[in-house]
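This report refers to the structure that appears directly beneath it.
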Amino acid sequence: QALLGDDFALDYIGATGDCFYEAVARALSYSPSPSSFSSSSSDDDRLPLISATALRRIVASSLSQESYDLFQTAYDARVAGFEFMRRINDLPTLRERHLVSGRDVGAGQCIWANDYALRTIATELN
């Protein structure tokens, strides 16, 4: 905290498989007062404006056949990070799998945010 100063704080977010979505949701949380950002405050001091689940829904609903085809091509070419496509054979399944939360099933059983998710969320929130 001494290095950051009083205007900044760091929050730990565990590697749940939802960490990107949780970080964005937390960053967008409403703070009723500046003191709620202090290291002594609790998460209860902030009211979420959007949830990790809602962010996953945004990404899932934005997926198109073109997205599916690009992901499948990357998987077929053995591009690292696209192993999640192993058992996904169509667009509806890809959308369903994007809705699966790591908090519910474990970090290794959900689709982690990738470049597509980051761009989609940035565009949606802009």
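Convention: chains lettered A, B, ... in structure tokens order; per-chain residue numbering from 1; ligands numbered from 1 as shown.
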
Find the spatial neighbours of segment 10-19 of chain A, counting only C-alpha atoms, within a cut-off of 10 Å - ignore same-chain residues fewer than 3 positions away - and output them as a PDB file with C-alpha atoms, in the first residue's frame.
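That gives us part.pdb:
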ATOM      1  CA  GLN A   1       0.000   0.000   0.000  1.00  0.00           C
ATOM      2  CA  LEU A   4       0.576   2.610  -4.332  1.00  0.00           C
ATOM      3  CA  GLU A  22     -14.411 -11.392 -11.608  1.00  0.00           C
ATOM      4  CA  ALA A  23     -11.694  -8.760 -12.008  1.00  0.00           C
ATOM      5  CA  VAL A  24     -13.803  -6.766 -14.472  1.00  0.00           C
ATOM      6  CA  ALA A  25     -16.900  -7.095 -12.292  1.00  0.00           C
ATOM      7  CA  ARG A  26     -14.952  -5.974  -9.243  1.00  0.00           C
ATOM      8  CA  ALA A  27     -13.360  -3.065 -11.099  1.00  0.00           C
ATOM      9  CA  PHE A  37     -11.283   0.819  -1.399  1.00  0.00           C
ATOM     10  CA  SER A  38      -9.002   0.612   1.613  1.00  0.00           C
ATOM     11  CA  SER A  39      -7.379  -2.710   2.421  1.00  0.00           C
ATOM     12  CA  ASP A  43     -16.295  -6.944  -0.464  1.00  0.00           C
ATOM     13  CA  ALA A  52     -18.987 -12.510 -13.697  1.00  0.00           C
ATOM     14  CA  THR A  53     -21.951 -14.593 -14.861  1.00  0.00           C
ATOM     15  CA  LEU A  55     -20.061 -10.998 -18.400  1.00  0.00           C
ATOM     16  CA  ARG A  56     -19.879 -14.654 -19.448  1.00  0.00           C
ATOM     17  CA  VAL A 100     -19.981 -22.636 -17.378  1.00  0.00           C
ATOM     18  CA  SER A 101     -18.456 -20.935 -14.329  1.00  0.00           C
ATOM     19  CA  GLY A 102     -15.167 -22.081 -12.885  1.00  0.00           C
ATOM     20  CA  ARG A 103     -16.549 -21.326  -9.426  1.00  0.00           C
ATOM     21  CA  ASP A 104     -19.209 -23.972 -10.050  1.00  0.00           C
ATOM     22  CA  VAL A 105     -17.171 -26.708 -11.738  1.00  0.00           C
ATOM     23  CA  GLY A 106     -13.518 -25.909 -11.051  1.00  0.00           C
ATOM     24  CA  ALA A 107     -10.955 -23.833 -12.910  1.00  0.00           C
ATOM     25  CA  GLY A 108      -9.959 -26.660 -15.228  1.00  0.00           C
ATOM     26  CA  GLN A 109     -13.510 -27.403 -16.336  1.00  0.00           C
ATOM     27  CA  CYS A 110     -14.534 -24.044 -17.772  1.00  0.00           C
ATOM     28  CA  ILE A 111     -13.434 -21.886 -20.688  1.00  0.00           C
ATOM     29  CA  TRP A 112     -11.060 -19.204 -19.506  1.00  0.00           C
ATOM     30  CA  ALA A 113     -11.306 -15.750 -20.997  1.00  0.00           C
TER      31      ALA A 113
END

Leu63 of chain A: which residues within 12 Å, counting only C-alpha atoms, same-chain residues fewer than 6 positions away excluded, as a PyMOL selection string?
chain A and resi 56-57+69-71+90-99+116-117+120

List every residue of chain A that DSSP, applied to the backbone of this structure, assigns to alpha helix (DSSP H), and report them as a VMD selection string.
chain A and resid 19 to 27 52 to 62 65 to 76 91 to 98 102 to 105 115 to 125

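Counting from atom CA of Ala74 of chain A, the distance to atom CA of Ser51 of chain A is 29.1 Å.
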